[in-house]
$ cat final_4.txt   # compact mmCIF, C-alpha atoms and all ligand atoms
# COMPACT_ATOMS: atom_id res chain seq x y z
CA MET A 1 81.10 62.78 101.93
CA SER A 2 80.09 65.98 100.18
CA GLN A 3 83.01 67.89 98.68
CA THR A 4 83.50 71.26 97.02
CA VAL A 5 84.94 70.81 93.56
CA VAL A 6 86.14 73.56 91.20
CA VAL A 7 86.74 72.57 87.58
CA LYS A 8 88.49 74.82 85.06
CA ILE A 9 88.25 74.19 81.34
CA GLY A 10 90.16 76.19 78.75
CA THR A 11 89.38 77.27 75.22
CA SER A 12 91.70 74.59 73.79
CA SER A 13 89.57 71.83 75.32
CA LEU A 14 86.25 73.52 74.48
CA THR A 15 86.90 74.10 70.80
CA GLN A 16 88.06 72.09 67.77
CA PRO A 17 91.69 72.92 67.01
CA GLU A 18 91.16 73.30 63.24
CA THR A 19 87.88 75.18 62.98
CA GLY A 20 87.50 76.88 66.36
CA GLN A 21 83.95 75.46 66.47
CA LEU A 22 82.77 74.12 69.81
CA ALA A 23 83.81 70.61 70.84
CA LEU A 24 80.25 69.64 71.69
CA SER A 25 81.01 66.07 72.75
CA THR A 26 83.58 67.29 75.28
CA ILE A 27 81.14 69.86 76.65
CA ALA A 28 78.39 67.23 76.86
CA ALA A 29 80.69 64.80 78.70
CA LEU A 30 81.82 67.53 81.10
CA VAL A 31 78.24 68.57 81.82
CA GLU A 32 77.29 64.95 82.52
CA VAL A 33 80.17 64.54 84.94
CA LEU A 34 79.46 67.80 86.77
CA SER A 35 75.75 67.01 87.00
CA THR A 36 76.59 63.56 88.41
CA LEU A 37 78.81 65.18 91.00
CA ARG A 38 75.97 67.50 91.94
CA GLN A 39 73.50 64.64 92.17
CA GLN A 40 75.90 62.93 94.57
CA GLY A 41 75.56 65.99 96.82
CA ASN A 42 78.83 67.74 96.00
CA ARG A 43 79.18 71.49 95.55
CA VAL A 44 80.43 72.23 92.04
CA VAL A 45 81.86 75.36 90.42
CA LEU A 46 82.88 75.49 86.75
CA VAL A 47 85.40 78.07 85.57
CA SER A 48 85.06 78.23 81.81
CA SER A 49 87.02 80.14 79.22
CA GLY A 50 85.79 80.37 75.67
CA ALA A 51 84.05 83.75 75.50
CA ILE A 52 86.56 85.14 73.04
CA GLY A 53 86.84 81.87 71.10
CA VAL A 54 83.07 81.48 70.75
CA GLY A 55 82.70 85.19 69.92
CA CYS A 56 85.25 84.84 67.11
CA ALA A 57 83.44 81.82 65.70
CA ARG A 58 80.09 83.64 65.90
CA LEU A 59 81.42 86.67 64.05
CA GLY A 60 83.39 84.63 61.53
CA LEU A 61 86.73 86.06 62.65
CA THR A 62 89.59 83.76 61.74
CA ASP A 63 92.27 85.49 63.83
CA ARG A 64 92.14 86.12 67.56
CA PRO A 65 91.51 89.87 68.06
CA LYS A 66 94.58 91.91 68.87
CA THR A 67 93.24 95.21 70.18
CA ILE A 68 91.79 95.32 73.66
CA ALA A 69 88.55 96.96 72.56
CA LEU A 70 87.93 94.29 69.90
CA LYS A 71 88.76 91.50 72.36
CA GLN A 72 86.32 92.98 74.85
CA ALA A 73 83.62 93.34 72.21
CA VAL A 74 84.12 89.80 70.93
CA ALA A 75 84.03 88.42 74.50
CA ALA A 76 80.67 90.16 74.99
CA VAL A 77 79.33 88.35 71.91
CA GLY A 78 80.81 85.01 72.93
CA GLN A 79 79.99 84.97 76.64
CA GLY A 80 76.22 84.97 76.05
CA ARG A 81 76.44 82.20 73.49
CA LEU A 82 78.72 80.16 75.72
CA MET A 83 76.21 80.36 78.56
CA ARG A 84 73.35 79.51 76.21
CA ILE A 85 75.17 76.31 75.23
CA TYR A 86 75.94 75.40 78.82
CA ASP A 87 72.37 76.08 79.86
CA ASP A 88 71.02 73.84 77.09
CA PHE A 89 73.27 70.97 78.13
CA PHE A 90 72.78 71.40 81.88
CA THR A 91 69.02 71.77 81.43
CA ALA A 92 69.01 68.35 79.76
CA MET A 93 70.43 67.09 83.07
CA GLN A 94 67.93 69.15 85.16
CA GLN A 95 70.83 71.04 86.63
CA PRO A 96 70.41 74.81 87.20
CA ILE A 97 73.43 77.00 86.48
CA ALA A 98 74.42 80.62 87.10
CA GLN A 99 76.77 83.01 85.36
CA VAL A 100 79.38 84.71 87.56
CA LEU A 101 81.67 87.21 85.82
CA LEU A 102 84.52 88.54 87.94
CA THR A 103 87.29 91.08 87.64
CA ARG A 104 90.42 91.12 89.79
CA GLY A 105 89.09 94.27 91.48
CA ASP A 106 86.14 92.30 92.86
CA LEU A 107 88.53 90.38 95.08
CA VAL A 108 90.79 93.28 96.09
CA GLU A 109 88.23 95.29 98.00
CA ARG A 110 87.23 93.51 101.20
CA SER A 111 83.52 94.39 100.97
CA ARG A 112 83.29 93.21 97.35
CA TYR A 113 85.24 90.04 98.20
CA VAL A 114 82.82 89.29 101.01
CA ASN A 115 79.86 89.92 98.69
CA VAL A 116 81.22 87.56 96.06
CA TYR A 117 81.89 85.00 98.78
CA ARG A 118 78.30 85.26 100.04
CA THR A 119 76.87 84.96 96.54
CA PHE A 120 78.85 81.77 95.92
CA GLN A 121 77.66 80.37 99.26
CA GLU A 122 74.03 81.05 98.34
CA LEU A 123 74.39 79.57 94.86
CA LEU A 124 76.05 76.43 96.19
CA GLN A 125 73.46 76.17 98.93
CA LEU A 126 70.75 76.33 96.26
CA GLY A 127 72.41 73.44 94.42
CA VAL A 128 73.28 75.64 91.43
CA VAL A 129 76.49 75.19 89.43
CA PRO A 130 78.07 78.67 89.11
CA ILE A 131 79.90 79.08 85.79
CA VAL A 132 82.66 81.62 86.25
CA ASN A 133 84.69 83.61 83.73
CA GLU A 134 86.66 86.79 83.84
CA ASN A 135 84.46 89.75 82.97
CA ASP A 136 86.53 90.32 79.85
CA THR A 137 84.29 93.08 78.55
CA VAL A 138 85.10 95.46 81.41
CA ALA A 139 88.41 94.15 82.81
CA VAL A 140 91.32 96.53 82.33
CA ASP A 141 94.99 95.60 82.37
CA GLU A 142 95.76 96.66 85.93
CA LEU A 143 92.86 94.69 87.34
CA LYS A 144 92.83 91.54 85.27
CA PHE A 145 93.29 87.96 86.40
CA GLY A 146 94.99 87.53 83.03
CA ASP A 147 94.24 83.88 82.67
CA ASN A 148 91.55 81.56 83.89
CA ASP A 149 94.03 79.20 85.59
CA THR A 150 94.76 81.95 88.12
CA LEU A 151 91.08 82.87 88.31
CA SER A 152 90.12 79.27 89.05
CA ALA A 153 92.73 78.99 91.83
CA LEU A 154 91.45 82.20 93.44
CA VAL A 155 87.87 80.96 93.16
CA ALA A 156 88.92 77.62 94.71
CA SER A 157 90.46 79.54 97.61
CA LEU A 158 87.38 81.76 97.90
CA VAL A 159 84.90 78.90 98.11
CA ASP A 160 87.21 76.84 100.33
CA ALA A 161 87.27 74.02 97.78
CA ASP A 162 88.54 70.52 98.43
CA TRP A 163 89.56 69.98 94.79
CA LEU A 164 90.61 72.09 91.81
CA PHE A 165 90.74 70.30 88.45
CA LEU A 166 92.61 72.08 85.67
CA LEU A 167 91.47 70.52 82.39
CA THR A 168 93.95 71.00 79.59
CA ASP A 169 95.24 69.54 76.31
CA VAL A 170 97.91 67.28 77.84
CA ASP A 171 97.25 64.27 80.05
CA ARG A 172 99.56 65.40 82.87
CA LEU A 173 102.68 67.31 83.69
CA TYR A 174 106.02 66.01 82.36
CA SER A 175 109.58 66.75 83.38
CA GLU A 176 110.07 68.21 79.89
CA ASP A 177 108.04 68.80 76.76
CA PRO A 178 107.01 65.21 75.85
CA ARG A 179 106.50 66.15 72.21
CA SER A 180 110.09 67.11 71.64
CA ASN A 181 111.76 64.91 74.24
CA PRO A 182 110.92 61.19 74.31
CA ASP A 183 112.71 60.86 77.66
CA ALA A 184 110.32 63.27 79.35
CA GLN A 185 109.11 61.73 82.60
CA PRO A 186 105.45 61.92 83.61
CA ILE A 187 104.90 63.46 87.03
CA ALA A 188 102.06 61.81 88.91
CA LEU A 189 102.34 63.46 92.30
CA VAL A 190 103.74 66.79 93.46
CA GLN A 191 104.14 66.94 97.22
CA ASN A 192 106.10 70.15 97.28
CA MET A 193 106.42 72.85 94.66
CA LYS A 194 110.22 72.77 95.01
CA GLN A 195 110.03 69.45 93.19
CA LEU A 196 109.12 71.42 90.06
CA ALA A 197 112.02 73.86 90.04
CA ASP A 198 113.34 72.37 86.77
CA VAL A 199 109.96 71.86 85.12
CA GLN A 200 109.08 75.53 85.32
CA THR A 201 111.94 76.46 83.02
CA GLY A 202 110.02 75.11 80.01
CA LYS A 203 111.14 76.35 76.63
CA PRO A 204 109.60 79.73 75.83
CA GLY A 205 107.36 79.67 72.82
CA SER A 206 106.31 76.06 73.14
CA ARG A 207 102.61 75.81 73.86
CA TRP A 208 103.34 73.13 76.40
CA GLY A 209 106.13 74.89 78.19
CA THR A 210 104.87 78.41 78.65
CA GLY A 211 101.30 79.77 78.81
CA GLY A 212 99.83 76.35 79.37
CA MET A 213 101.89 74.78 82.08
CA VAL A 214 103.46 77.81 83.72
CA THR A 215 100.11 79.36 84.60
CA LYS A 216 98.82 75.95 85.71
CA ILE A 217 101.73 75.44 88.06
CA ALA A 218 101.26 78.97 89.41
CA ALA A 219 97.55 78.21 89.89
CA ALA A 220 98.40 74.95 91.65
CA GLN A 221 100.69 76.89 93.96
CA ILE A 222 97.93 79.32 94.94
CA ALA A 223 95.33 76.59 95.34
CA THR A 224 97.47 74.12 97.29
CA GLY A 225 98.59 77.01 99.51
CA ALA A 226 94.91 77.51 100.32
CA GLY A 227 94.54 73.82 101.18
CA VAL A 228 93.00 72.75 97.84
CA ARG A 229 94.13 69.47 96.24
CA THR A 230 94.86 70.35 92.60
CA VAL A 231 94.89 68.11 89.53
CA ILE A 232 96.11 68.75 85.99
CA MET A 233 94.31 66.39 83.61
CA GLN A 234 93.24 65.88 80.01
CA GLY A 235 90.22 68.02 79.12
CA LYS A 236 88.97 65.66 76.41
CA SER A 237 88.25 62.93 78.97
CA PRO A 238 86.13 64.58 81.68
CA LEU A 239 85.00 61.15 82.93
CA ASN A 240 88.44 60.75 84.48
CA LEU A 241 87.42 63.36 87.00
CA LEU A 242 85.07 60.86 88.66
CA LYS A 243 87.81 58.21 88.59
CA ILE A 244 90.28 60.58 90.25
CA LEU A 245 87.77 61.41 92.96
CA ALA A 246 87.39 57.66 93.47
CA GLY A 247 91.14 57.38 94.06
CA ASP A 248 92.70 56.66 90.64
CA ALA A 249 96.13 58.20 89.97
CA ILE A 250 95.29 59.93 86.69
CA GLY A 251 96.87 63.23 85.63
CA THR A 252 99.20 65.12 87.96
CA GLN A 253 98.04 65.65 91.52
CA PHE A 254 99.38 68.42 93.75
CA GLU A 255 99.05 67.71 97.44
CA PRO A 256 97.41 70.48 99.44
CA GLN A 257 99.27 72.32 102.17
CA PRO A 258 97.63 72.39 105.59
CA ARG A 259 94.67 74.75 105.55
CA PRO A 260 95.81 77.43 107.97
CA PHE A 261 93.83 80.38 106.72
CA ASN A 262 90.59 81.81 107.96
CA ALA A 263 88.47 83.72 105.41
CA ARG A 264 90.14 87.05 106.17
CA GLN A 265 93.63 85.61 105.83
CA ARG A 266 92.66 83.98 102.54
CA TRP A 267 91.54 87.40 101.33
CA ILE A 268 94.88 88.90 102.31
CA ALA A 269 96.81 86.04 100.69
CA HIS A 270 94.83 85.71 97.46
CA GLY A 271 92.41 88.59 97.09
CA LEU A 272 94.75 91.48 97.60
CA ILE A 273 97.38 92.61 95.15
CA SER A 274 100.60 93.65 96.81
CA THR A 275 101.93 97.04 95.70
CA GLY A 276 105.04 97.24 97.87
CA LYS A 277 107.91 95.22 99.22
CA LEU A 278 109.66 95.46 102.59
CA LEU A 279 113.09 93.87 103.04
CA LEU A 280 113.62 92.68 106.62
CA ASP A 281 116.61 91.82 108.76
CA GLU A 282 117.15 88.34 110.19
CA GLY A 283 115.64 89.21 113.57
CA ALA A 284 112.37 90.37 112.03
CA VAL A 285 112.20 87.34 109.72
CA GLU A 286 112.70 85.04 112.70
CA ALA A 287 110.12 86.90 114.81
CA ILE A 288 107.52 86.67 112.03
CA CYS A 289 108.19 83.14 110.76
CA LYS A 290 109.05 81.34 113.99
CA ALA A 291 107.66 83.36 116.90
CA GLY A 292 104.34 84.45 115.37
CA LYS A 293 105.06 88.14 116.04
CA SER A 294 104.00 91.34 114.24
CA LEU A 295 106.42 93.33 112.08
CA LEU A 296 108.02 96.32 113.85
CA ALA A 297 109.78 99.28 112.24
CA ALA A 298 113.15 98.29 113.73
CA GLY A 299 113.42 95.21 111.50
CA ILE A 300 112.89 96.98 108.16
CA LEU A 301 116.00 97.38 105.99
CA HIS A 302 114.50 98.72 102.79
CA VAL A 303 111.15 99.87 101.37
CA GLU A 304 110.11 99.44 97.72
CA GLY A 305 106.99 100.23 95.68
CA GLU A 306 104.17 102.73 96.02
CA PHE A 307 101.63 102.17 98.75
CA GLU A 308 99.42 103.92 101.25
CA SER A 309 98.55 102.73 104.74
CA HIS A 310 96.24 99.67 104.70
CA ASP A 311 97.52 98.53 101.29
CA ALA A 312 98.98 95.06 100.88
CA VAL A 313 102.76 94.63 100.89
CA THR A 314 105.05 91.66 100.50
CA LEU A 315 107.55 90.96 103.27
CA CYS A 316 110.91 89.60 102.13
CA ASP A 317 114.15 88.54 103.72
CA ARG A 318 117.40 90.41 103.05
CA ALA A 319 117.92 88.45 99.82
CA GLY A 320 114.46 89.34 98.51
CA HIS A 321 112.78 85.95 99.06
CA GLU A 322 109.13 86.41 99.88
CA ILE A 323 108.19 85.23 103.36
CA ALA A 324 104.78 86.79 103.97
CA LYS A 325 102.12 89.23 102.82
CA GLY A 326 100.20 91.66 104.95
CA LEU A 327 98.31 94.91 105.37
CA VAL A 328 100.68 97.72 106.21
CA ASN A 329 99.85 100.42 108.77
CA TYR A 330 101.91 103.20 107.15
CA SER A 331 102.47 104.68 103.68
CA ARG A 332 105.74 104.31 101.81
CA GLU A 333 106.73 107.91 102.74
CA GLU A 334 106.07 107.31 106.42
CA LEU A 335 107.89 103.99 106.43
CA GLN A 336 110.97 105.47 104.84
CA LYS A 337 111.19 107.85 107.78
CA ILE A 338 110.65 105.29 110.54
CA GLN A 339 112.36 102.17 109.14
CA GLY A 340 115.08 100.83 111.45
CA HIS A 341 113.76 102.81 114.44
CA HIS A 342 112.24 101.54 117.66
CA SER A 343 108.47 101.74 117.90
CA GLU A 344 108.60 104.37 120.73
CA LYS A 345 110.28 106.77 118.32
CA ILE A 346 107.52 106.62 115.69
CA SER A 347 105.38 109.43 117.09
CA GLU A 348 108.43 111.62 117.63
CA ILE A 349 109.68 111.13 114.05
CA LEU A 350 106.31 111.49 112.34
CA GLY A 351 104.94 114.12 114.69
CA TYR A 352 101.76 112.15 115.35
CA LEU A 353 100.73 109.00 117.13
CA GLY A 354 100.45 105.95 114.85
CA ALA A 355 100.25 102.19 115.24
CA ASP A 356 103.06 100.43 117.13
CA THR A 357 103.29 97.72 114.55
CA ILE A 358 104.03 98.08 110.84
CA VAL A 359 102.12 94.93 109.93
CA HIS A 360 100.04 93.50 112.74
CA ARG A 361 100.07 89.74 113.17
CA ASP A 362 96.32 89.52 112.50
CA ASN A 363 96.85 91.14 109.12
CA LEU A 364 99.76 88.97 108.09
CA VAL A 365 99.85 85.67 106.21
CA LEU A 366 103.02 83.59 105.96
CA ASN A 367 104.02 82.02 102.64
CA GLN A 368 103.72 78.26 102.63
N1 LIG A 401 88.41 84.81 79.73
C1 LIG A 401 88.90 84.37 78.47
C2 LIG A 401 87.75 83.84 77.60
O1 LIG A 401 86.74 83.47 78.10
C3 LIG A 401 89.91 83.25 78.58
C4 LIG A 401 91.09 83.44 79.48
C5 LIG A 401 91.96 82.17 79.46
O2 LIG A 401 91.88 81.41 78.49
O3 LIG A 401 92.70 81.91 80.39
O4 LIG A 401 87.86 83.79 76.41
$ encode --input "final_4.txt" --output "structure tokens"
Amino acid sequence: MSQTVVVKIGTSSLTQPETGQLALSTIAALVEVLSTLRQQGNRVVLVSSGAIGVGCARLGLTDRPKTIALKQAVAAVGQGRLMRIYDDFFTAMQQPIAQVLLTRGDLVERSRYVNVYRTFQELLQLGVVPIVNENDTVAVDELKFGDNDTLSALVASLVDADWLFLLTDVDRLYSEDPRSNPDAQPIALVQNMKQLADVQTGKPGSRWGTGGMVTKIAAAQIATGAGVRTVIMQGKSPLNLLKILAGDAIGTQFEPQPRPFNARQRWIAHGLISTGKLLLDEGAVEAICKAGKSLLAAGILHVEGEFESHDAVTLCDRAGHEIAKGLVNYSREELQKIQGHHSEKISEILGYLGADTIVHRDNLVLNQ
């Protein structure tokens, strides 16, 4: 059966640790695997880092650039070279590829999100392997994915993937850092993210515990929430990807949650960035989580953040635990006036007729 597979590879797997030069044998093996998957009729997307790493190598820079402008310039040098290398390898396998560079802003605006979605559909329909990276040269802090683990999870959600493979420099997730703790237990299967409560508190500063695994677990959370089975596996052995698809228990697999979202709900859940928070009383939480109702003004206890009407906000219980995300019908200023009041009072308080609901059910997505 044809499946949609998103594979993310990071700079640490693509380059030699000592020299920063490209790990050509890894790239070749990955390209062979992805081309095989394509030839078997699957839809394949590759999310590849390496623009900055390759740019540094090309320019003979020994340290990773520190200023934003230099990083952006170096990424512009590296991205082209990276694609050239991929194209050479994929061409040897008669597999066409495409470059897709995204910024966070491309997913926030509904019309741009839909455009990106359509482009992916066309590329996949054409049998092309899109190679995705953050558009580092133009991305600015407020609208950055920040890391390609997150980007790959959002892409997996966007293309409605069956699988997301996060290729990294460890073979799987462990209960603790296996390099400093010989008792660290390998984790083969994660059925529920709560299982990882202890793992996420990895020691700061250790390559294993922070950047690497924390962003991968966060990515797995996004992807599994969108119904995508997610795997953390060793990047140096891309052939394992085929074995995993054939049923082998290699790496760490995260079981997907049921796939409840339609495309618009996926956009709300993963495309939009929430800029406000509403704390709700027990009645409102119950109505939203159990009875499938919209959020009304009466149930709002507290309003935080800066937002206008139609922005995304996070809905939380009294204790601040996130329960849902949705598009709000009023600005922060308006909400502060009408919170706690019955819907019939809204027009009287504001002096104009607005929506009855604060977040309508159709614009609301529950957390998994
Ligand atoms: N977009 C960055 C690059 O291509 C990498 C981001 C990441 O490693 O997560 O160099």
$ axis_aligned_box --input "final_4.txt" --around "ligand LIG 401 (chain A)" --padding-each-side "4 Å" --output "AutoDock Vina command-line options"
--center_x 89.7 --center_y 83.1 --center_z 78.4 --size_x 14.0 --size_y 11.4 --size_z 12.0
$ atom_distance --input "final_4.txt" --atom1 "CA of Ile273 in chain A" --atom2 "CA of Ile358 in chain A"
17.9 Å
$ closest_atom_pairs --input "final_4.txt" --of "chain A" --to "ligand LIG 401 (chain A)" --cutoff "10 Å" --atoms "all atoms listed in the file" --output "JSON lines"
{"residue": "A:Lys8", "atom": "CA", "partner": "A:LIG401", "partner_atom": "O3", "distance": 9.5}
{"residue": "A:Ile9", "atom": "CA", "partner": "A:LIG401", "partner_atom": "O2", "distance": 8.6}
{"residue": "A:Gly10", "atom": "CA", "partner": "A:LIG401", "partner_atom": "O2", "distance": 5.5}
{"residue": "A:Thr11", "atom": "CA", "partner": "A:LIG401", "partner_atom": "O2", "distance": 5.8}
{"residue": "A:Ser12", "atom": "CA", "partner": "A:LIG401", "partner_atom": "O2", "distance": 8.3}
{"residue": "A:Val47", "atom": "CA", "partner": "A:LIG401", "partner_atom": "O1", "distance": 9.3}
{"residue": "A:Ser48", "atom": "CA", "partner": "A:LIG401", "partner_atom": "O1", "distance": 6.6}
{"residue": "A:Ser49", "atom": "CA", "partner": "A:LIG401", "partner_atom": "O1", "distance": 3.5}
{"residue": "A:Gly50", "atom": "CA", "partner": "A:LIG401", "partner_atom": "O1", "distance": 4.1}
{"residue": "A:Ala51", "atom": "CA", "partner": "A:LIG401", "partner_atom": "O1", "distance": 3.8}
{"residue": "A:Ile52", "atom": "CA", "partner": "A:LIG401", "partner_atom": "O4", "distance": 3.9}
{"residue": "A:Gly53", "atom": "CA", "partner": "A:LIG401", "partner_atom": "O4", "distance": 5.7}
{"residue": "A:Val54", "atom": "CA", "partner": "A:LIG401", "partner_atom": "O4", "distance": 7.8}
{"residue": "A:Gly55", "atom": "CA", "partner": "A:LIG401", "partner_atom": "O4", "distance": 8.4}
{"residue": "A:Cys56", "atom": "CA", "partner": "A:LIG401", "partner_atom": "O4", "distance": 9.7}
{"residue": "A:Lys71", "atom": "CA", "partner": "A:LIG401", "partner_atom": "O4", "distance": 8.8}
{"residue": "A:Gln72", "atom": "CA", "partner": "A:LIG401", "partner_atom": "O4", "distance": 9.4}
{"residue": "A:Val74", "atom": "CA", "partner": "A:LIG401", "partner_atom": "O4", "distance": 9.0}
{"residue": "A:Ala75", "atom": "CA", "partner": "A:LIG401", "partner_atom": "O4", "distance": 6.3}
{"residue": "A:Ala76", "atom": "CA", "partner": "A:LIG401", "partner_atom": "O1", "distance": 9.6}
{"residue": "A:Gly78", "atom": "CA", "partner": "A:LIG401", "partner_atom": "O4", "distance": 8.0}
{"residue": "A:Gln79", "atom": "CA", "partner": "A:LIG401", "partner_atom": "O1", "distance": 7.1}
{"residue": "A:Leu82", "atom": "CA", "partner": "A:LIG401", "partner_atom": "O1", "distance": 9.0}
{"residue": "A:Leu101", "atom": "CA", "partner": "A:LIG401", "partner_atom": "N1", "distance": 9.4}
{"residue": "A:Leu102", "atom": "CA", "partner": "A:LIG401", "partner_atom": "N1", "distance": 9.8}
{"residue": "A:Val132", "atom": "CA", "partner": "A:LIG401", "partner_atom": "N1", "distance": 9.3}
{"residue": "A:Asn133", "atom": "CA", "partner": "A:LIG401", "partner_atom": "N1", "distance": 5.6}
{"residue": "A:Glu134", "atom": "CA", "partner": "A:LIG401", "partner_atom": "N1", "distance": 4.9}
{"residue": "A:Asn135", "atom": "CA", "partner": "A:LIG401", "partner_atom": "N1", "distance": 7.1}
{"residue": "A:Asp136", "atom": "CA", "partner": "A:LIG401", "partner_atom": "N1", "distance": 5.8}
{"residue": "A:Thr137", "atom": "CA", "partner": "A:LIG401", "partner_atom": "N1", "distance": 9.3}
{"residue": "A:Ala139", "atom": "CA", "partner": "A:LIG401", "partner_atom": "N1", "distance": 9.8}
{"residue": "A:Lys144", "atom": "CA", "partner": "A:LIG401", "partner_atom": "N1", "distance": 9.8}
{"residue": "A:Phe145", "atom": "CA", "partner": "A:LIG401", "partner_atom": "O3", "distance": 8.5}
{"residue": "A:Gly146", "atom": "CA", "partner": "A:LIG401", "partner_atom": "O3", "distance": 6.6}
{"residue": "A:Asp147", "atom": "CA", "partner": "A:LIG401", "partner_atom": "O3", "distance": 3.4}
{"residue": "A:Asn148", "atom": "CA", "partner": "A:LIG401", "partner_atom": "O3", "distance": 3.7}
{"residue": "A:Asp149", "atom": "CA", "partner": "A:LIG401", "partner_atom": "O3", "distance": 6.0}
{"residue": "A:Thr150", "atom": "CA", "partner": "A:LIG401", "partner_atom": "O3", "distance": 8.0}
{"residue": "A:Leu151", "atom": "CA", "partner": "A:LIG401", "partner_atom": "O3", "distance": 8.1}
{"residue": "A:Ser152", "atom": "CA", "partner": "A:LIG401", "partner_atom": "O3", "distance": 9.4}
{"residue": "A:Gly211", "atom": "CA", "partner": "A:LIG401", "partner_atom": "O3", "distance": 9.0}
{"residue": "A:Gly212", "atom": "CA", "partner": "A:LIG401", "partner_atom": "O3", "distance": 9.1}
{"residue": "A:Thr215", "atom": "CA", "partner": "A:LIG401", "partner_atom": "O3", "distance": 8.9}
$ residues_around --input "final_4.txt" --residues "range 105-120 of chain A" --least-positions-apart "6" --cutoff "7 Å" --atoms "only C-alpha atoms" --output "PyMOL selection string"
chain A and resi 143+158-159+271-273
$ atom_distance --input "final_4.txt" --atom1 "CA of Arg266 in chain A" --atom2 "CA of Gly225 in chain A"
9.6 Å
$ closest_atom_pairs --input "final_4.txt" --of "range 173-266 of chain A" --to "range 33-37 of chain A" --cutoff "9 Å" --atoms "all atoms listed in the file" --output "JSON lines"
{"residue": "A:Pro238", "atom": "CA", "partner": "A:Val33", "partner_atom": "CA", "distance": 6.8}
{"residue": "A:Leu239", "atom": "CA", "partner": "A:Val33", "partner_atom": "CA", "distance": 6.2}
{"residue": "A:Leu241", "atom": "CA", "partner": "A:Val33", "partner_atom": "CA", "distance": 7.6}
{"residue": "A:Leu242", "atom": "CA", "partner": "A:Val33", "partner_atom": "CA", "distance": 7.2}
$ atom_distance --input "final_4.txt" --atom1 "CA of Gln16 in chain A" --atom2 "CA of Thr62 in chain A"
13.2 Å
$ residues_around --input "final_4.txt" --residues "Val44 in chain A" --least-positions-apart "4" --cutoff "6 Å" --atoms "all atoms listed in the file" --output "NGL selection string"
:A and (4-6 or 129)
$ residues_around --input "final_4.txt" --residues "Ile338 in chain A" --least-positions-apart "5" --cutoff "9 Å" --atoms "all atoms listed in the file" --output "compact mmCIF listing (two decimals) with C-alpha atoms, keeping the file's coordinate frame"
# COMPACT_ATOMS: atom_id res chain seq x y z
CA ALA A 297 109.78 99.28 112.24
CA ALA A 298 113.15 98.29 113.73
CA ILE A 300 112.89 96.98 108.16
CA SER A 343 108.47 101.74 117.90
CA LYS A 345 110.28 106.77 118.32
CA ILE A 346 107.52 106.62 115.69
CA ILE A 349 109.68 111.13 114.05
CA LEU A 350 106.31 111.49 112.34
$ closest_residue --input "final_4.txt" --among "A:Pro130, A:Gly247, A:Gly292, A:Gly276" --to "Glu322 in chain A" --atoms "only C-alpha atoms"
A:Gly276
$ closest_residue --input "final_4.txt" --among "A:Gly60, A:Gly235, A:Gly41, A:Gly227" --to "Thr26 in chain A" --atoms "all atoms listed in the file"
A:Gly235
$ residues_around --input "final_4.txt" --residues "range 312-318 of chain A" --least-positions-apart "3" --cutoff "6 Å" --atoms "all atoms listed in the file" --output "PyMOL selection string"
chain A and resi 274-281+321-327
$ residues_around --input "final_4.txt" --residues "Met1 in chain A" --least-positions-apart "6" --cutoff "12 Å" --atoms "only C-alpha atoms" --output "MDAnalysis selection string"
chainID A and resid 37 40:43 162 245:246
